[in-house]
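A.B. asks: Data: final.pdb, PDB, C-alpha atoms.
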```pdb
ATOM      1  CA  MET P  58      76.423 104.862  91.497
ATOM      2  CA  PRO P  59      77.892 101.324  91.549
ATOM      3  CA  ASN P  60      76.269  98.679  89.356
ATOM      4  CA  ASP P  61      73.536  96.402  90.693
ATOM      5  CA  THR P  62      74.298  92.700  91.128
ATOM      6  CA  ASP P  63      72.210  89.604  91.836
ATOM      7  CA  TYR P  64      72.673  90.265  95.568
ATOM      8  CA  LEU P  65      72.715  94.092  95.681
ATOM      9  CA  ARG P  66      70.347  96.748  94.289
ATOM     10  CA  PHE P  67      71.451 100.347  94.833
ATOM     11  CA  ILE P  68      68.716 102.824  95.733
ATOM     12  CA  ASP P  69      70.666 106.046  96.156
ATOM     13  CA  GLN P  70      73.942 107.558  97.330
ATOM     14  CA  THR P  71      74.734 110.847  99.068
ATOM     15  CA  LEU P  72      78.152 112.493  99.108
ATOM     16  CA  LEU P  73      78.678 113.631 102.703
ATOM     17  CA  SER P  74      82.211 115.026 102.418
ATOM     18  CA  ASP P  75      84.797 115.519  99.675
ATOM     19  CA  ASN P  76      87.871 116.997 101.314
ATOM     20  CA  TRP P  77      90.974 114.807 101.793
ATOM     21  CA  GLY P  78      88.886 111.753 100.912
ATOM     22  CA  LYS P  79      85.274 111.062  99.963
ATOM     23  CA  LEU P  80      82.676 110.028 102.528
ATOM     24  CA  THR P  81      79.531 108.641 100.879
ATOM     25  CA  ARG P  82      76.296 107.254 102.321
ATOM     26  CA  TYR P  83      74.761 104.403 100.319
ATOM     27  CA  ARG P  84      71.207 103.076 100.559
ATOM     28  CA  PHE P  85      70.691  99.670  98.961
ATOM     29  CA  ASP P  86      68.736  96.417  99.057
ATOM     30  CA  TYR P  87      70.841  93.404 100.035
ATOM     31  CA  ARG P  88      69.716  89.837  99.319
ATOM     32  CA  ARG P  89      70.303  87.769 102.432
ATOM     33  CA  SER P  90      71.405  84.133 102.461
ATOM     34  CA  ASP P  91      67.775  83.015 102.866
ATOM     35  CA  GLY P  92      66.817  84.842  99.646
ATOM     36  CA  SER P  93      64.939  87.710 101.297
ATOM     37  CA  TRP P  94      65.806  91.340 100.508
ATOM     38  CA  GLN P  95      66.721  93.816 103.256
ATOM     39  CA  GLU P  96      67.241  97.564 102.881
ATOM     40  CA  GLN P  97      70.514  98.752 104.438
ATOM     41  CA  ILE P  98      72.311 102.078 104.834
ATOM     42  CA  ARG P  99      76.110 102.191 105.017
ATOM     43  CA  GLU P 100      78.771 104.889 104.840
ATOM     44  CA  ALA P 101      82.088 104.312 103.069
ATOM     45  CA  TYR P 102      85.200 106.460 103.222
ATOM     46  CA  ASP P 103      87.414 106.454 100.128
ATOM     47  CA  ARG P 104      90.866 107.954 100.708
ATOM     48  CA  GLY P 105      92.599 105.984  97.948
ATOM     49  CA  ASN P 106      94.752 102.866  98.030
ATOM     50  CA  GLY P 107      98.212 102.768  99.561
ATOM     51  CA  VAL P 108     101.487 100.963 100.089
ATOM     52  CA  THR P 109     103.730 100.154 103.048
ATOM     53  CA  CYS P 110     107.121  98.508 103.523
ATOM     54  CA  LEU P 111     109.304  97.039 106.247
ATOM     55  CA  LEU P 112     113.045  97.489 105.757
ATOM     56  CA  HIS P 113     115.334  95.094 107.635
ATOM     57  CA  ASP P 114     119.094  95.226 108.180
ATOM     58  CA  PRO P 115     120.244  91.572 108.318
ATOM     59  CA  ASP P 116     123.630  92.543 109.775
ATOM     60  CA  THR P 117     122.131  94.122 112.898
ATOM     61  CA  ASP P 118     118.663  92.455 112.774
ATOM     62  CA  CYS P 119     117.162  95.938 113.062
ATOM     63  CA  VAL P 120     114.024  97.185 111.340
ATOM     64  CA  LEU P 121     113.457 100.714 110.093
ATOM     65  CA  LEU P 122     110.340 102.293 111.605
ATOM     66  CA  THR P 123     108.901 105.783 111.912
ATOM     67  CA  ARG P 124     107.106 107.715 114.633
ATOM     68  CA  GLN P 125     104.639 110.494 113.874
ATOM     69  CA  PHE P 126     101.573 112.270 115.224
ATOM     70  CA  ARG P 127      98.197 110.764 114.249
ATOM     71  CA  LEU P 128      95.108 112.822 115.127
ATOM     72  CA  PRO P 129      92.572 109.923 114.923
ATOM     73  CA  VAL P 130      94.615 107.998 117.515
ATOM     74  CA  LEU P 131      94.510 111.001 119.857
ATOM     75  CA  LEU P 132      90.749 111.288 119.317
ATOM     76  CA  ASN P 133      90.464 107.658 120.445
ATOM     77  CA  GLY P 134      92.221 108.507 123.713
ATOM     78  CA  LYS P 135      95.521 106.787 122.854
ATOM     79  CA  ASP P 136      99.137 107.963 122.548
ATOM     80  CA  PRO P 137      99.046 109.801 119.192
ATOM     81  CA  PHE P 138     102.751 109.385 118.406
ATOM     82  CA  LEU P 139     102.383 106.131 116.516
ATOM     83  CA  ILE P 140     105.281 103.833 115.618
ATOM     84  CA  GLU P 141     104.752 102.583 112.079
ATOM     85  CA  THR P 142     106.298 101.238 108.916
ATOM     86  CA  PRO P 143     106.764 103.887 106.209
ATOM     87  CA  ALA P 144     103.692 104.186 103.981
ATOM     88  CA  GLY P 145     101.959 106.386 101.462
ATOM     89  CA  LEU P 146      98.952 106.800  99.194
ATOM     90  CA  LEU P 147      99.358 105.627  95.606
ATOM     91  CA  GLU P 148      97.768 108.703  93.991
ATOM     92  CA  GLY P 149      97.984 107.067  90.560
ATOM     93  CA  ALA P 150     101.510 105.643  90.952
ATOM     94  CA  LYS P 151     102.428 101.958  90.919
ATOM     95  CA  PRO P 152     102.862 100.585  94.469
ATOM     96  CA  GLU P 153     106.603  99.799  94.251
ATOM     97  CA  GLU P 154     107.344 103.139  92.585
ATOM     98  CA  ARG P 155     105.413 105.036  95.262
ATOM     99  CA  MET P 156     107.071 103.026  98.057
ATOM    100  CA  ARG P 157     110.570 103.866  96.868
ATOM    101  CA  SER P 158     109.812 107.592  96.896
ATOM    102  CA  GLU P 159     108.089 107.363 100.298
ATOM    103  CA  LEU P 160     111.099 105.561 101.807
ATOM    104  CA  VAL P 161     113.436 108.358 100.742
ATOM    105  CA  GLU P 162     110.970 111.066 101.792
ATOM    106  CA  GLU P 163     110.137 109.592 105.209
ATOM    107  CA  THR P 164     113.305 107.735 106.230
ATOM    108  CA  GLY P 165     116.091 109.033 103.994
ATOM    109  CA  TYR P 166     116.936 105.511 102.768
ATOM    110  CA  GLU P 167     117.024 104.416  99.133
ATOM    111  CA  VAL P 168     117.004 100.674  98.451
ATOM    112  CA  SER P 169     117.451  98.755  95.216
ATOM    113  CA  GLU P 170     115.055  95.839  95.663
ATOM    114  CA  LEU P 171     111.615  95.489  97.213
ATOM    115  CA  GLU P 172     109.665  92.237  97.485
ATOM    116  CA  HIS P 173     105.885  92.323  97.208
ATOM    117  CA  LEU P 174     104.326  90.238  99.984
ATOM    118  CA  PHE P 175     100.539  90.611  99.878
ATOM    119  CA  ASP P 176      97.647  93.088  99.611
ATOM    120  CA  VAL P 177      95.197  93.740 102.448
ATOM    121  CA  HIS P 178      91.830  95.449 103.039
ATOM    122  CA  MET P 179      92.688  97.412 106.174
ATOM    123  CA  SER P 180      89.237  98.290 107.540
ATOM    124  CA  PRO P 181      86.644  96.781 105.168
ATOM    125  CA  GLY P 182      83.623  97.679 107.289
ATOM    126  CA  SER P 183      83.858 101.377 106.447
ATOM    127  CA  VAL P 184      87.037 102.256 104.484
ATOM    128  CA  THR P 185      87.742 101.300 100.858
ATOM    129  CA  GLU P 186      91.551 101.357 101.296
ATOM    130  CA  TYR P 187      93.511  98.417  99.840
ATOM    131  CA  LEU P 188      97.144  98.358 100.977
ATOM    132  CA  SER P 189     100.088  96.705  99.193
ATOM    133  CA  PHE P 190     102.764  95.286 101.526
ATOM    134  CA  TYR P 191     106.482  95.089 100.705
ATOM    135  CA  LYS P 192     109.705  94.121 102.404
ATOM    136  CA  GLY P 193     113.256  95.141 101.663
ATOM    137  CA  THR P 194     116.805  95.147 102.959
ATOM    138  CA  TYR P 195     118.660  98.258 104.042
ATOM    139  CA  HIS P 196     122.192  99.065 105.202
ATOM    140  CA  PRO P 197     123.712 102.287 106.614
ATOM    141  CA  ASN P 198     125.232 103.142 103.215
ATOM    142  CA  ASN P 199     121.710 103.318 101.708
ATOM    143  CA  LYS P 200     121.096 106.618 103.498
ATOM    144  CA  VAL P 201     120.748 109.436 100.943
ATOM    145  CA  SER P 202     118.966 112.139 102.968
ATOM    146  CA  GLU P 203     117.698 112.990 106.439
ATOM    147  CA  GLY P 204     114.117 111.890 105.739
ATOM    148  CA  GLY P 205     111.479 113.203 108.125
ATOM    149  CA  GLY P 206     108.698 113.643 105.570
ATOM    150  CA  GLU P 207     107.348 116.666 103.727
ATOM    151  CA  GLU P 208     106.904 119.699 105.971
ATOM    152  CA  SER P 209     104.472 121.193 103.437
ATOM    153  CA  GLU P 210     102.224 118.151 103.981
ATOM    154  CA  GLY P 211     102.392 118.528 107.761
ATOM    155  CA  GLU P 212     104.751 115.576 108.209
ATOM    156  CA  ASP P 213     107.234 115.586 111.093
ATOM    157  CA  ILE P 214     108.582 112.040 111.107
ATOM    158  CA  GLU P 215     111.139 110.526 113.480
ATOM    159  CA  VAL P 216     113.185 107.631 112.063
ATOM    160  CA  LEU P 217     113.796 104.648 114.361
ATOM    161  CA  HIS P 218     116.202 101.716 114.041
ATOM    162  CA  VAL P 219     114.745  99.003 116.287
ATOM    163  CA  PRO P 220     116.068  95.473 116.880
ATOM    164  CA  LEU P 221     113.463  93.029 115.576
ATOM    165  CA  GLN P 222     113.047  91.254 118.923
ATOM    166  CA  ASP P 223     112.485  94.618 120.626
ATOM    167  CA  ALA P 224     109.881  95.548 118.014
ATOM    168  CA  LEU P 225     108.043  92.259 118.595
ATOM    169  CA  ALA P 226     108.082  92.927 122.347
ATOM    170  CA  MET P 227     106.678  96.409 121.636
ATOM    171  CA  ILE P 228     103.660  94.769 119.978
ATOM    172  CA  ARG P 229     102.981  92.752 123.139
ATOM    173  CA  SER P 230     103.429  95.811 125.381
ATOM    174  CA  GLY P 231     101.182  97.978 123.211
ATOM    175  CA  GLN P 232     103.946 100.408 122.177
ATOM    176  CA  ILE P 233     103.372  99.298 118.582
ATOM    177  CA  SER P 234      99.643  99.200 117.833
ATOM    178  CA  ASP P 235      99.499  99.974 114.116
ATOM    179  CA  ALA P 236      97.979  97.105 112.106
ATOM    180  CA  LYS P 237     100.167  97.319 108.993
ATOM    181  CA  THR P 238     103.312  97.431 111.130
ATOM    182  CA  ILE P 239     102.269  94.417 113.198
ATOM    183  CA  LEU P 240     101.529  92.409 110.039
ATOM    184  CA  LEU P 241     104.951  93.162 108.569
ATOM    185  CA  LEU P 242     106.886  92.514 111.785
ATOM    186  CA  GLN P 243     105.141  89.188 112.312
ATOM    187  CA  GLU P 244     105.727  88.229 108.674
ATOM    188  CA  LEU P 245     109.465  88.855 109.125
ATOM    189  CA  ALA P 246     109.541  86.926 112.394
ATOM    190  CA  LEU P 247     107.740  83.960 110.788
ATOM    191  CA  ARG P 248     110.211  83.973 107.904
ATOM    192  CA  GLN P 249     113.128  83.893 110.322
ATOM    193  CA  LEU P 250     111.546  81.052 112.291
ATOM    194  CA  SER P 251     111.092  79.022 109.119
ATOM    195  CA  GLY P 252     114.687  79.672 108.060
ATOM    196  CA  GLN P 253     113.847  82.038 105.194
ATOM    197  CA  THR P 254     116.317  84.880 105.024
ATOM    198  CA  GLY P 255     115.152  86.512 101.792
TER     199      GLY P 255
END
```
Output the structure of this file as structure tokens.
C.D. replies:
Amino acid sequence: MPNDTDYLRFIDQTLLSDNWGKLTRYRFDYRRSDGSWQEQIREAYDRGNGVTCLLHDPDTDCVLLTRQFRLPVLLNGKDPFLIETPAGLLEGAKPEERMRSELVEETGYEVSELEHLFDVHMSPGSVTEYLSFYKGTYHPNNKVSEGGGEESEGEDIEVLHVPLQDALAMIRSGQISDAKTILLLQELALRQLSGQTG
């Protein structure tokens, strides 16, 4: 059980599921801003931390994206073939190291340099995931394999080369609705607006 603090006293925790990730229910006393204590019950899903990256070709102003089936999106009544930036779980690896292997696995591209941008809590109300964001540059000669993901892991990934302005328009139209992808596309667009090329 996590340690108590001056604003939180844990009462108990119950492991609800331990399959791909861990779903745990916590019961605790929380000290409110007025000093009073309130008992609360929350569930948290821990699937591990991850990493994502946007690759950009400055010669064509295209970005490298993927499209794959996402069951939770289907369950929410949306188009489940989500357009995203490549990503992966750390599983004990350093973020940049994991990202390089995920880029080759998912897209078939191997790049020499990645720039760390920021780290983000993706859904802090219920999921523990903390995601590291990177950017990099790619060119056609960086292609080392077909990509497409690991079939043994159920991955069936389509690789997309999309002009940046088209990708930004796809955010507005709803064709791109993945949070990490929107953050990275907007970061690149802001850099271009401010005259930063690197």
A.B. asks: Going by the chain IDs and residue numbers used in this file, which residues fall under the PyMOL selection byres ((chain P and resi 201) around 12)? Write them as a ChimeraX atom specification.
C.D. replies: /P:158,160-168,195-200,202-204
A.B. asks: Counting only C-alpha atoms, which residues of segment 60-126 of chain P fall within 8 Å of segment 233-247 of chain P, and what is the closest atom pair for each with its distance in Å at one decimal, ordered by chain and rising number, as a Markdown table?
C.D. replies:
```
| residue | atom | partner | partner_atom | distance |
| --- | --- | --- | --- | --- |
| P:Thr109 | CA | P:Lys237 | CA | 7.5 |
| P:Cys110 | CA | P:Leu241 | CA | 7.7 |
| P:Leu111 | CA | P:Leu241 | CA | 6.3 |
```
A.B. asks: Rounded to one decimal in Å, what is the spacing between atom CA of Arg89 of chain P and atom CA of Ser183 of chain P?
C.D. replies: 19.6 Å
A.B. asks: With the file shown as input, list the residues that the PyMOL selection byres ((chain P and resi 177) around 7) selects, as a list in words.
C.D. replies: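 Taken over the shown coordinates, the PyMOL selection byres ((chain P and resi 177) around 7) returns Phe175, Asp176, His178, Met179, Tyr187, Leu188 and Ser189 of chain P.
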A.B. asks: Would you write out, as a list in words, every residue that the PyMOL selection byres ((chain P and resi 119) around 7) captures in this file?
C.D. replies: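 Checked against the file, the PyMOL selection byres ((chain P and resi 119) around 7) matches His113, Asp114, Thr117, Asp118, Val120, Leu121, His218, Val219, Pro220 and Leu221 of chain P.
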A.B. asks: Find the distance between atom CA of Val108 of chain P and atom CA of Thr123 of chain P and write it in Å to one decimal.
C.D. replies: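 Interatomic distance, atom CA of Val108 of chain P to atom CA of Thr123 of chain P: 14.8 Å.
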A.B. asks: Report, in Å to a single decimal, how far apart atom CA of Asp103 of chain P and atom CA of Lys79 of chain P are.
C.D. replies: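 So the answer is 5.1 Å.
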A.B. asks: Between P:Asp61, P:Asp213, P:Glu186, P:Glu170, which is the closest to Leu147 of chain P once you count only C-alpha atoms?
C.D. replies: P:Glu186
A.B. asks: With all atoms listed in the file as the atoms that count, which of P:Gly182, P:Gly205, P:Pro115, P:Gly78 lies nearest to Leu146 of chain P?
C.D. replies: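 Smallest separation from Leu146 of chain P among the options: P:Gly78.
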A.B. asks: Check the smallest atom-to-atom distance from each of P:Tyr87, P:Leu73, P:Pro137, P:Glu100 to Gln232 of chain P using all atoms listed in the file, then report the winner.
C.D. replies: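 Among the listed residues, the smallest separation from Gln232 of chain P belongs to P:Pro137.
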A.B. asks: Rank nothing, just name the residue among P:Glu210, P:Leu112, P:Pro143, P:Ser230 nearest to Glu172 of chain P, using only C-alpha atoms.
C.D. replies: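 Smallest distance to Glu172 of chain P is found for P:Leu112.
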